[in-house]
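K.L.:
So here's final24.cif, just mmCIF, C-alpha atoms and all ligand atoms:
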data_my_file
#
loop_
_atom_site.group_PDB
_atom_site.id
_atom_site.type_symbol
_atom_site.label_atom_id
_atom_site.label_comp_id
_atom_site.auth_asym_id
_atom_site.auth_seq_id
_atom_site.Cartn_x
_atom_site.Cartn_y
_atom_site.Cartn_z
ATOM 1 C CA MET A 789 80.087 154.527 24.572
ATOM 2 C CA ASP A 790 78.205 156.126 27.446
ATOM 3 C CA ILE A 791 74.786 157.046 26.059
ATOM 4 C CA GLN A 792 72.914 159.697 28.014
ATOM 5 C CA LYS A 793 70.629 161.023 25.336
ATOM 6 C CA ILE A 794 69.296 160.122 21.896
ATOM 7 C CA THR A 795 67.812 162.821 19.684
ATOM 8 C CA VAL A 796 65.385 162.005 16.901
ATOM 9 C CA LYS A 797 65.328 164.742 14.264
ATOM 10 C CA GLY A 798 62.222 164.684 12.107
ATOM 11 C CA GLY A 799 62.260 164.112 8.358
ATOM 12 C CA LEU A 800 59.393 163.598 5.931
ATOM 13 C CA GLY A 801 56.053 161.778 6.125
ATOM 14 C CA LYS A 802 54.733 159.464 3.417
ATOM 15 C CA ASP A 803 53.396 162.419 1.436
ATOM 16 C CA GLY A 804 56.875 163.974 1.362
ATOM 17 C CA ARG A 805 55.909 166.809 3.691
ATOM 18 C CA LYS A 806 57.954 167.806 6.727
ATOM 19 C CA GLU A 807 56.949 166.183 10.003
ATOM 20 C CA ASN A 808 55.162 168.357 12.574
ATOM 21 C CA VAL A 809 57.448 167.182 15.373
ATOM 22 C CA GLU A 810 60.829 168.640 14.465
ATOM 23 C CA SER A 811 62.742 166.681 17.053
ATOM 24 C CA PHE A 812 62.508 164.969 20.423
ATOM 25 C CA ASP A 813 64.952 163.630 22.986
ATOM 26 C CA LEU A 814 65.075 160.272 24.714
ATOM 27 C CA LYS A 815 66.970 160.479 28.002
ATOM 28 C CA ILE A 816 68.123 157.653 30.225
ATOM 29 C CA GLY A 817 65.187 156.787 32.504
ATOM 30 C CA ASP A 818 62.506 157.770 29.960
ATOM 31 C CA ILE A 819 59.582 155.548 29.068
ATOM 32 C CA VAL A 820 58.024 156.666 25.798
ATOM 33 C CA SER A 821 55.149 155.400 23.658
ATOM 34 C CA ILE A 822 54.587 155.608 19.912
ATOM 35 C CA VAL A 823 50.890 155.471 18.994
ATOM 36 C CA GLY A 824 48.660 155.672 15.927
ATOM 37 C CA PRO A 825 46.644 153.464 13.582
ATOM 38 C CA THR A 826 48.123 150.508 11.689
ATOM 39 C CA GLY A 827 50.228 151.619 8.739
ATOM 40 C CA CYS A 828 50.946 155.107 10.131
ATOM 41 C CA GLY A 829 54.694 154.532 10.459
ATOM 42 C CA LYS A 830 55.313 153.405 14.057
ATOM 43 C CA THR A 831 57.606 150.490 13.201
ATOM 44 C CA THR A 832 59.424 152.661 10.667
ATOM 45 C CA LEU A 833 60.172 155.204 13.391
ATOM 46 C CA ILE A 834 61.676 152.677 15.791
ATOM 47 C CA ASN A 835 63.601 151.061 12.957
ATOM 48 C CA ASP A 836 65.107 154.486 12.215
ATOM 49 C CA ILE A 837 66.176 154.673 15.856
ATOM 50 C CA GLU A 838 67.636 151.167 15.805
ATOM 51 C CA LEU A 839 69.579 151.885 12.616
ATOM 52 C CA PHE A 840 70.810 155.262 13.877
ATOM 53 C CA ALA A 841 69.406 156.687 10.668
ATOM 54 C CA ASN A 842 71.398 159.530 9.201
ATOM 55 C CA GLN A 843 69.067 160.947 6.552
ATOM 56 C CA ASN A 844 69.654 157.680 4.685
ATOM 57 C CA THR A 845 66.261 155.973 5.184
ATOM 58 C CA PRO A 846 62.955 156.710 3.351
ATOM 59 C CA SER A 847 61.858 159.063 6.181
ATOM 60 C CA GLY A 848 65.033 161.155 6.017
ATOM 61 C CA ARG A 849 65.207 161.208 9.828
ATOM 62 C CA GLN A 850 68.457 161.678 11.679
ATOM 63 C CA ILE A 851 69.414 160.198 15.038
ATOM 64 C CA LEU A 852 71.989 161.845 17.298
ATOM 65 C CA ILE A 853 73.720 160.257 20.281
ATOM 66 C CA ASN A 854 74.658 162.719 23.030
ATOM 67 C CA ASP A 855 74.052 165.551 20.502
ATOM 68 C CA GLU A 856 76.486 164.089 17.970
ATOM 69 C CA VAL A 857 75.929 162.684 14.494
ATOM 70 C CA ILE A 858 77.063 159.072 14.239
ATOM 71 C CA PRO A 859 79.874 158.750 11.669
ATOM 72 C CA GLU A 860 78.887 156.913 8.485
ATOM 73 C CA ASP A 861 81.446 154.125 8.995
ATOM 74 C CA PHE A 862 80.728 153.688 12.687
ATOM 75 C CA SER A 863 79.799 150.190 13.750
ATOM 76 C CA PHE A 864 79.133 148.935 17.220
ATOM 77 C CA ASP A 865 80.836 145.917 18.688
ATOM 78 C CA PRO A 866 77.901 143.491 18.233
ATOM 79 C CA SER A 867 78.236 142.298 21.825
ATOM 80 C CA LYS A 868 77.796 145.910 23.000
ATOM 81 C CA HIS A 869 75.103 147.174 20.647
ATOM 82 C CA PRO A 870 73.274 149.864 22.618
ATOM 83 C CA ILE A 871 69.848 149.023 21.220
ATOM 84 C CA ALA A 872 67.713 145.941 21.717
ATOM 85 C CA LEU A 873 64.662 145.715 19.439
ATOM 86 C CA ILE A 874 61.959 143.279 20.453
ATOM 87 C CA SER A 875 59.444 142.863 17.668
ATOM 88 C CA GLN A 876 56.236 140.881 17.339
ATOM 89 C CA HIS A 877 57.897 138.524 14.955
ATOM 90 C CA THR A 878 61.014 137.716 16.951
ATOM 91 C CA ASN A 879 61.385 133.967 17.182
ATOM 92 C CA PHE A 880 64.195 131.838 18.462
ATOM 93 C CA LEU A 881 66.053 129.668 16.032
ATOM 94 C CA SER A 882 67.935 127.900 18.771
ATOM 95 C CA ASP A 883 66.511 124.767 20.358
ATOM 96 C CA LEU A 884 68.891 125.000 23.316
ATOM 97 C CA PRO A 885 67.317 124.871 26.761
ATOM 98 C CA VAL A 886 66.575 128.362 28.164
ATOM 99 C CA GLY A 887 69.237 128.044 30.885
ATOM 100 C CA GLU A 888 72.013 127.147 28.423
ATOM 101 C CA PHE A 889 71.038 129.846 25.976
ATOM 102 C CA LEU A 890 71.122 132.516 28.697
ATOM 103 C CA THR A 891 74.418 131.158 30.033
ATOM 104 C CA ILE A 892 76.028 131.542 26.609
ATOM 105 C CA HIS A 893 74.666 135.055 26.218
ATOM 106 C CA ALA A 894 75.819 136.063 29.714
ATOM 107 C CA THR A 895 79.280 134.639 28.983
ATOM 108 C CA VAL A 896 79.579 136.512 25.678
ATOM 109 C CA ARG A 897 78.516 139.689 27.447
ATOM 110 C CA GLY A 898 81.183 139.157 30.094
ATOM 111 C CA ALA A 899 78.793 138.857 33.053
ATOM 112 C CA GLU A 900 80.450 138.083 36.384
ATOM 113 C CA ASP A 901 78.242 135.801 38.413
ATOM 114 C CA ILE A 902 76.730 133.907 35.508
ATOM 115 C CA GLU A 903 74.592 131.451 37.435
ATOM 116 C CA ASN A 904 72.975 134.293 39.375
ATOM 117 C CA VAL A 905 72.436 136.443 36.306
ATOM 118 C CA VAL A 906 70.712 133.558 34.523
ATOM 119 C CA SER A 907 68.325 132.836 37.375
ATOM 120 C CA GLU A 908 67.619 136.548 37.832
ATOM 121 C CA THR A 909 66.730 136.757 34.128
ATOM 122 C CA ILE A 910 64.357 133.794 34.302
ATOM 123 C CA SER A 911 62.644 135.095 37.418
ATOM 124 C CA PHE A 912 62.261 138.564 35.858
ATOM 125 C CA ALA A 913 60.691 136.950 32.771
ATOM 126 C CA ASN A 914 58.345 134.983 35.003
ATOM 127 C CA LYS A 915 57.030 138.182 36.562
ATOM 128 C CA LEU A 916 55.957 139.253 33.068
ATOM 129 C CA THR A 917 54.330 136.062 31.852
ATOM 130 C CA GLY A 918 51.532 134.035 33.382
ATOM 131 C CA GLU A 919 53.041 130.755 32.174
ATOM 132 C CA ALA A 920 56.218 130.036 34.125
ATOM 133 C CA ILE A 921 59.426 129.414 32.183
ATOM 134 C CA ILE A 922 61.829 126.830 33.560
ATOM 135 C CA LYS A 923 65.453 126.681 32.589
ATOM 136 C CA GLU A 924 65.167 123.217 31.056
ATOM 137 C CA THR A 925 62.522 124.296 28.488
ATOM 138 C CA ALA A 926 63.781 124.433 24.894
ATOM 139 C CA MET A 927 63.771 127.972 23.514
ATOM 140 C CA THR A 928 61.759 126.850 20.474
ATOM 141 C CA GLU A 929 59.014 125.497 22.721
ATOM 142 C CA LEU A 930 58.263 128.787 24.477
ATOM 143 C CA SER A 931 54.868 130.394 23.819
ATOM 144 C CA GLY A 932 54.600 133.881 22.316
ATOM 145 C CA GLY A 933 54.167 135.468 25.742
ATOM 146 C CA GLN A 934 57.060 133.504 27.239
ATOM 147 C CA THR A 935 59.311 134.379 24.298
ATOM 148 C CA ARG A 936 58.617 138.120 24.562
ATOM 149 C CA SER A 937 59.000 138.024 28.343
ATOM 150 C CA LEU A 938 62.314 136.225 28.120
ATOM 151 C CA LEU A 939 63.580 138.616 25.438
ATOM 152 C CA ILE A 940 62.700 141.619 27.571
ATOM 153 C CA ALA A 941 64.334 140.093 30.660
ATOM 154 C CA ASP A 942 67.397 139.123 28.615
ATOM 155 C CA ALA A 943 67.704 142.633 27.141
ATOM 156 C CA VAL A 944 67.320 144.300 30.540
ATOM 157 C CA ILE A 945 69.474 142.024 32.697
ATOM 158 C CA ILE A 946 72.030 140.311 30.459
ATOM 159 C CA GLY A 947 72.058 142.505 27.363
ATOM 160 C CA ASN A 948 72.756 145.684 29.262
ATOM 161 C CA SER A 949 71.582 147.711 26.274
ATOM 162 C CA PRO A 950 70.635 151.186 27.459
ATOM 163 C CA ILE A 951 67.867 151.481 24.847
ATOM 164 C CA ILE A 952 65.105 148.930 24.496
ATOM 165 C CA LEU A 953 62.507 149.222 21.721
ATOM 166 C CA LEU A 954 59.345 147.131 21.997
ATOM 167 C CA ASP A 955 57.063 146.767 18.991
ATOM 168 C CA GLU A 956 53.457 145.935 19.980
ATOM 169 C CA ILE A 957 54.298 143.401 22.653
ATOM 170 C CA GLU A 958 50.830 143.548 24.242
ATOM 171 C CA ASN A 959 49.383 141.124 21.751
ATOM 172 C CA ALA A 960 51.788 138.488 22.967
ATOM 173 C CA GLY A 961 50.122 137.802 26.325
ATOM 174 C CA ILE A 962 52.502 139.445 28.746
ATOM 175 C CA ASN A 963 51.498 141.432 31.798
ATOM 176 C CA LYS A 964 52.161 144.875 30.371
ATOM 177 C CA THR A 965 51.400 147.043 33.392
ATOM 178 C CA LYS A 966 53.629 144.814 35.481
ATOM 179 C CA ALA A 967 56.294 145.249 32.803
ATOM 180 C CA ILE A 968 56.072 149.054 33.001
ATOM 181 C CA GLU A 969 56.316 148.989 36.792
ATOM 182 C CA LEU A 970 59.362 146.717 36.758
ATOM 183 C CA LEU A 971 61.071 148.585 33.927
ATOM 184 C CA LYS A 972 60.751 151.913 35.743
ATOM 185 C CA GLY A 973 63.338 150.605 38.206
ATOM 186 C CA TYR A 974 66.047 150.370 35.512
ATOM 187 C CA ASN A 975 68.177 153.181 34.163
ATOM 188 C CA LYS A 976 67.349 152.750 30.511
ATOM 189 C CA ILE A 977 65.301 154.207 27.700
ATOM 190 C CA PHE A 978 62.191 152.175 26.845
ATOM 191 C CA VAL A 979 60.210 152.938 23.698
ATOM 192 C CA PHE A 980 56.888 151.124 23.356
ATOM 193 C CA VAL A 981 55.030 150.953 20.065
ATOM 194 C CA THR A 982 51.583 150.337 21.457
ATOM 195 C CA HIS A 983 47.824 150.418 21.044
ATOM 196 C CA ASP A 984 47.403 150.011 24.781
ATOM 197 C CA PRO A 985 46.006 153.038 26.641
ATOM 198 C CA THR A 986 47.502 152.003 29.986
ATOM 199 C CA ILE A 987 51.031 151.785 28.594
ATOM 200 C CA ALA A 988 50.610 155.046 26.666
ATOM 201 C CA LEU A 989 49.358 156.939 29.726
ATOM 202 C CA PHE A 990 52.038 155.526 32.044
ATOM 203 C CA SER A 991 54.731 156.787 29.653
ATOM 204 C CA ASP A 992 56.553 160.073 30.205
ATOM 205 C CA PHE A 993 55.377 161.249 26.807
ATOM 206 C CA ARG A 994 53.933 159.813 23.614
ATOM 207 C CA ILE A 995 54.420 160.489 19.942
ATOM 208 C CA ILE A 996 51.320 160.389 17.782
ATOM 209 C CA MET A 997 52.002 159.145 14.245
ATOM 210 C CA LYS A 998 49.907 159.853 11.166
ATOM 211 C CA ASN A 999 50.611 159.081 7.523
ATOM 212 C CA GLY A 1000 54.248 158.204 8.199
ATOM 213 C CA ALA A 1001 54.909 161.408 10.131
ATOM 214 C CA MET A 1002 55.357 162.357 13.787
ATOM 215 C CA GLN A 1003 52.231 164.472 14.168
ATOM 216 C CA LYS A 1004 52.276 165.466 17.797
ATOM 217 C CA LEU A 1005 54.104 164.938 21.094
ATOM 218 C CA ILE A 1006 51.970 164.785 24.232
ATOM 219 C CA GLN A 1007 53.629 165.072 27.615
ATOM 220 C CA SER A 1008 51.880 162.998 30.276
ATOM 221 C CA ASN A 1009 50.510 164.747 33.378
ATOM 222 C CA GLU A 1010 48.996 163.914 36.750
ATOM 223 C CA GLY A 1011 45.469 163.496 35.388
ATOM 224 C CA GLU A 1012 46.699 161.096 32.726
ATOM 225 C CA ARG A 1013 48.641 159.054 35.254
ATOM 226 C CA ALA A 1014 45.602 158.904 37.567
ATOM 227 C CA THR A 1015 43.611 157.653 34.569
ATOM 228 C CA ALA A 1016 46.307 155.051 33.885
ATOM 229 C CA ASP A 1017 46.030 153.854 37.483
ATOM 230 C CA LYS A 1018 42.297 153.242 37.070
ATOM 231 C CA LEU A 1019 42.817 151.540 33.708
ATOM 232 C CA LYS A 1020 45.322 149.271 35.397
ATOM 233 C CA THR A 1021 42.671 148.263 37.934
ATOM 234 C CA MET A 1022 40.297 147.533 35.029
ATOM 235 C CA ASP A 1023 42.995 145.411 33.342
ATOM 236 C CA ASN A 1024 43.433 143.479 36.574
ATOM 237 C CA ILE A 1025 39.691 142.882 36.862
ATOM 238 C CA ILE A 1026 39.706 141.470 33.338
ATOM 239 C CA LEU A 1027 42.712 139.260 34.149
ATOM 240 C CA TYR A 1028 40.895 138.036 37.253
ATOM 241 C CA TYR A 1029 37.852 137.055 35.170
ATOM 242 C CA ARG A 1030 40.053 135.403 32.573
ATOM 243 C CA GLY A 1031 41.402 133.196 35.374
ATOM 244 C CA LEU A 1032 37.923 132.323 36.634
ATOM 245 C CA ILE A 1033 36.628 131.480 33.168
ATOM 246 C CA ARG A 1034 39.668 129.334 32.422
ATOM 247 C CA ALA A 1035 39.175 127.494 35.701
ATOM 248 C CA GLY A 1036 35.584 126.663 34.743
ATOM 249 C CA GLU A 1037 33.872 128.918 37.292
ATOM 250 C CA GLU A 1038 30.336 130.238 36.821
ATOM 251 C CA ILE A 1039 30.038 133.987 37.113
ATOM 252 C CA ASN A 1040 27.481 136.177 38.870
ATOM 253 C CA ILE A 1041 27.145 139.936 38.577
ATOM 254 C CA ASN A 1042 27.493 140.775 42.297
ATOM 255 C CA LYS A 1043 31.247 140.200 42.373
ATOM 256 C CA LEU A 1044 31.790 142.539 39.432
ATOM 257 C CA ASP A 1045 29.648 145.223 41.070
ATOM 258 C CA GLU A 1046 31.815 144.856 44.169
ATOM 259 C CA LEU A 1047 35.091 145.027 42.178
ATOM 260 C CA SER A 1048 33.813 148.084 40.281
ATOM 261 C CA LEU A 1049 33.852 149.975 43.590
ATOM 262 C CA LEU A 1050 37.656 149.861 43.308
ATOM 263 C CA LEU A 1051 37.342 152.318 40.443
ATOM 264 C CA LYS A 1052 35.405 154.926 42.413
HETATM 265 N N1 LIG B 1 58.145 158.637 6.708
HETATM 266 C C1 LIG B 1 57.906 157.674 5.795
HETATM 267 N N2 LIG B 1 58.297 157.822 4.511
HETATM 268 C C2 LIG B 1 58.035 156.856 3.585
HETATM 269 N N3 LIG B 1 57.423 155.699 3.841
HETATM 270 C C3 LIG B 1 57.010 155.483 5.109
HETATM 271 C C4 LIG B 1 57.243 156.445 6.142
HETATM 272 N N4 LIG B 1 56.726 155.952 7.308
HETATM 273 C C5 LIG B 1 56.204 154.746 7.008
HETATM 274 N N5 LIG B 1 56.382 154.456 5.688
HETATM 275 C C6 LIG B 1 55.919 153.209 5.003
HETATM 276 O O1 LIG B 1 54.569 152.959 5.359
HETATM 277 C C7 LIG B 1 54.324 151.580 5.575
HETATM 278 C C8 LIG B 1 53.715 151.335 6.950
HETATM 279 O O2 LIG B 1 54.614 151.747 7.958
HETATM 280 P P1 LIG B 1 54.829 150.963 9.344
HETATM 281 O O3 LIG B 1 55.965 151.626 10.024
HETATM 282 O O4 LIG B 1 54.949 149.499 9.111
HETATM 283 O O5 LIG B 1 53.458 151.266 10.100
HETATM 284 P P2 LIG B 1 52.917 150.737 11.513
HETATM 285 O O6 LIG B 1 54.064 150.094 12.243
HETATM 286 O O7 LIG B 1 52.412 151.952 12.222
HETATM 287 O O8 LIG B 1 51.812 149.795 11.193
HETATM 288 C C9 LIG B 1 55.671 150.887 5.385
HETATM 289 O O9 LIG B 1 55.705 150.326 4.100
HETATM 290 C C10 LIG B 1 56.686 152.005 5.514
HETATM 291 O O10 LIG B 1 57.836 151.760 4.749
HETATM 292 MG MG MG B 2 54.232 148.134 13.012
#
Write the structure described by the file as structure tokens, please.

P.N.:
Amino acid sequence: MDIQKITVKGGLGKDGRKENVESFDLKIGDIVSIVGPTGCGKTTLINDIELFANQNTPSGRQILINDEVIPEDFSFDPSKHPIALISQHTNFLSDLPVGEFLTIHATVRGAEDIENVVSETISFANKLTGEAIIKETAMTELSGGQTRSLLIADAVIIGNSPIILLDEIENAGINKTKAIELLKGYNKIFVFVTHDPTIALFSDFRIIMKNGAMQKLIQSNEGERATADKLKTMDNIILYYRGLIRAGEEININKLDELSLLLK
């Protein structure tokens, strides 16, 4: 199935009242954020998308693909499922080495140049995580950040799913602004559940959740993106200091004053 557009039609919030946002579209190429306090319904919203809800979940939302309702008995070929959901709690059960695991997945997916695809996936993952993954490492031995990075790379390069949903990945120690930059080069739909201002402001638009309901949709603009650029510089300054502290350096204020000029 060639997915060009997903439509999310609003249902009801936790209090049973209609959601403010009646519907929104996700088009190929979009990067979207879902924001709001813990417990406000962010995970529920992306689960509705993953399930292609058809007024059959507690929210009563309905998901359309290319403007069409998905038939009740429709099921995707599991090797071609259009949605990859990467959650905070995803863990690998397999203790295969990374290289073998990816080779099996690439084979199942019918990839052509398997060796190349596997090394491309590992190098993509390594751009996202600070701790390099090698293909001999057992999947079960990867850190949280490595696991999330590998899952994202696997979904983007091997999985070929057009829609990738990421639930609060920033807590897992991956370079999130780098991720956004890299992901922008792929023709997919990315939906980030996030508390991170940089990710939210780099998105094309964001949905604000409250009490289980989609409260508001804010389209990003030039001022927001300029703000995101400065926040990215701040993130990088913090990463730089993290490196120094880890390496046992002593810190003096002059360097920070100098780096702060980058924000002017
Ligand atoms: N529209 C809704 N209708 C009914 N229950 C909801 C709705 N949205 C969220 N919930 C419930 O509220 C709780 C918190 O939602 P969750 O999606 O986990 O929040 P978040 O991911 O923002 O922390 C869950 O138990 C969920 O089932
Ligand atoms: Mg959640």

K.L.:
Which is closer to ligand LIG 1 (chain B) than all the others in A:Asn854, A:Thr982, A:Asn1042, A:Asn842, using only C-alpha atoms and all ligand atoms?

P.N.:
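Smallest distance to ligand LIG 1 (chain B) is found for A:Thr982.
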
K.L.:
In Å, how far is it from CA of Asn975 in chain A to CA of Pro950 in chain A?

P.N.:
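Computing the Euclidean distance for CA of Asn975 in chain A and CA of Pro950 in chain A yields 7.4 Å.
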
K.L.:
Counting all atoms listed in the file, which protein, DNA or RNA residues come within 6 Å of ligand LIG 1 (chain B), given as a list in words?

P.N.:
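Every residue with an atom at most 6 Å from ligand LIG 1 (chain B) is listed here: Leu800, Gly801, Lys802, Thr826, Gly827, Cys828, Gly829, Lys830, Thr831, Thr832, Pro846, Ser847, Gly1000 and Ala1001 of chain A.
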
K.L.:
For the atom pair CA of Ser991 in chain A and CA of Ser821 in chain A, what is the interatomic distance in Å to one decimal place?

P.N.:
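Here the two named atoms are 6.2 Å from each other.
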
K.L.:
Starting from the shown file, work through the PyMOL selection byres (((chain A and resi 1007) around 8) and not hetatm) and note down what comes out as an MDAnalysis selection string.

P.N.:
chainID A and resid 992:994 1005:1006 1008:1009

K.L.:
Pick out the residues sitting within 10 Å of Ile794 in chain A, and hand them over as a list in words; count all atoms listed in the file, and ignore anything fewer than 4 positions along from it in its own chain.

P.N.:
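Once the nearby chain positions are removed, what remains is Phe812, Asp813, Leu814, Lys815, Ile816, Ile837, Phe840, Ile851, Leu852, Ile853, Asn854, Asp855, Glu856, Ile951 and Ile977 of chain A.
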
K.L.:
Would you save range 839-864 of chain A from the block above with N, CA and C atoms, as a short mmCIF file (atom, residue, chain, number, x, y, z; two decimals), in the first residue's frame?

P.N.:
data_model
loop_
_atom_site.label_atom_id
_atom_site.label_comp_id
_atom_site.auth_asym_id
_atom_site.auth_seq_id
_atom_site.Cartn_x
_atom_site.Cartn_y
_atom_site.Cartn_z
N LEU A 839 -2.44 1.53 15.87
CA LEU A 839 -3.49 0.51 15.74
C LEU A 839 -4.44 0.79 14.59
N PHE A 840 -4.27 1.93 13.93
CA PHE A 840 -5.26 2.40 12.95
C PHE A 840 -6.65 2.32 13.57
N ALA A 841 -6.78 3.01 14.69
CA ALA A 841 -8.03 3.00 15.45
C ALA A 841 -9.19 3.37 14.53
N ASN A 842 -10.31 2.71 14.78
CA ASN A 842 -11.50 2.99 13.98
C ASN A 842 -12.69 3.12 14.93
N GLN A 843 -12.61 4.15 15.78
CA GLN A 843 -13.63 4.41 16.79
C GLN A 843 -13.81 3.20 17.72
N ASN A 844 -12.75 2.40 17.84
CA ASN A 844 -12.85 1.18 18.65
C ASN A 844 -11.84 1.17 19.80
N THR A 845 -11.31 2.36 20.15
CA THR A 845 -10.42 2.47 21.32
C THR A 845 -11.09 3.45 22.29
N PRO A 846 -10.59 3.53 23.55
CA PRO A 846 -11.27 4.40 24.54
C PRO A 846 -11.44 5.85 24.08
N SER A 847 -10.54 6.35 23.21
CA SER A 847 -10.64 7.74 22.76
C SER A 847 -11.68 7.93 21.66
N GLY A 848 -12.08 6.86 21.02
CA GLY A 848 -13.04 6.97 19.91
C GLY A 848 -12.45 7.62 18.65
N ARG A 849 -11.12 7.74 18.59
CA ARG A 849 -10.52 8.37 17.40
C ARG A 849 -10.60 7.43 16.20
N GLN A 850 -10.46 8.05 15.02
CA GLN A 850 -10.46 7.27 13.80
C GLN A 850 -9.29 7.69 12.92
N ILE A 851 -8.59 6.70 12.38
CA ILE A 851 -7.43 6.98 11.54
C ILE A 851 -7.76 6.61 10.10
N LEU A 852 -7.49 7.53 9.18
CA LEU A 852 -7.71 7.24 7.75
C LEU A 852 -6.36 7.15 7.05
N ILE A 853 -6.26 6.28 6.07
CA ILE A 853 -5.07 6.23 5.22
C ILE A 853 -5.50 6.73 3.84
N ASN A 854 -4.78 7.70 3.32
CA ASN A 854 -5.12 8.29 2.01
C ASN A 854 -6.63 8.57 1.93
N ASP A 855 -7.18 9.18 2.98
CA ASP A 855 -8.60 9.55 3.05
C ASP A 855 -9.58 8.39 3.19
N GLU A 856 -9.09 7.17 3.32
CA GLU A 856 -10.00 6.03 3.40
C GLU A 856 -9.99 5.38 4.78
N VAL A 857 -11.16 4.91 5.19
CA VAL A 857 -11.27 4.14 6.43
C VAL A 857 -10.63 2.77 6.18
N ILE A 858 -9.93 2.26 7.18
CA ILE A 858 -9.30 0.94 7.01
C ILE A 858 -10.35 -0.12 7.36
N PRO A 859 -10.59 -1.07 6.45
CA PRO A 859 -11.61 -2.09 6.73
C PRO A 859 -11.30 -2.86 8.01
N GLU A 860 -12.36 -3.21 8.73
CA GLU A 860 -12.26 -3.88 10.02
C GLU A 860 -11.35 -5.12 9.99
N ASP A 861 -11.46 -5.89 8.91
CA ASP A 861 -10.72 -7.17 8.84
C ASP A 861 -9.37 -7.02 8.15
N PHE A 862 -8.97 -5.77 7.93
CA PHE A 862 -7.71 -5.56 7.21
C PHE A 862 -6.53 -5.88 8.11
N SER A 863 -5.59 -6.67 7.60
CA SER A 863 -4.36 -6.82 8.39
C SER A 863 -3.16 -6.76 7.46
N PHE A 864 -2.15 -6.05 7.95
CA PHE A 864 -0.96 -5.86 7.14
C PHE A 864 -0.09 -7.11 7.17
#
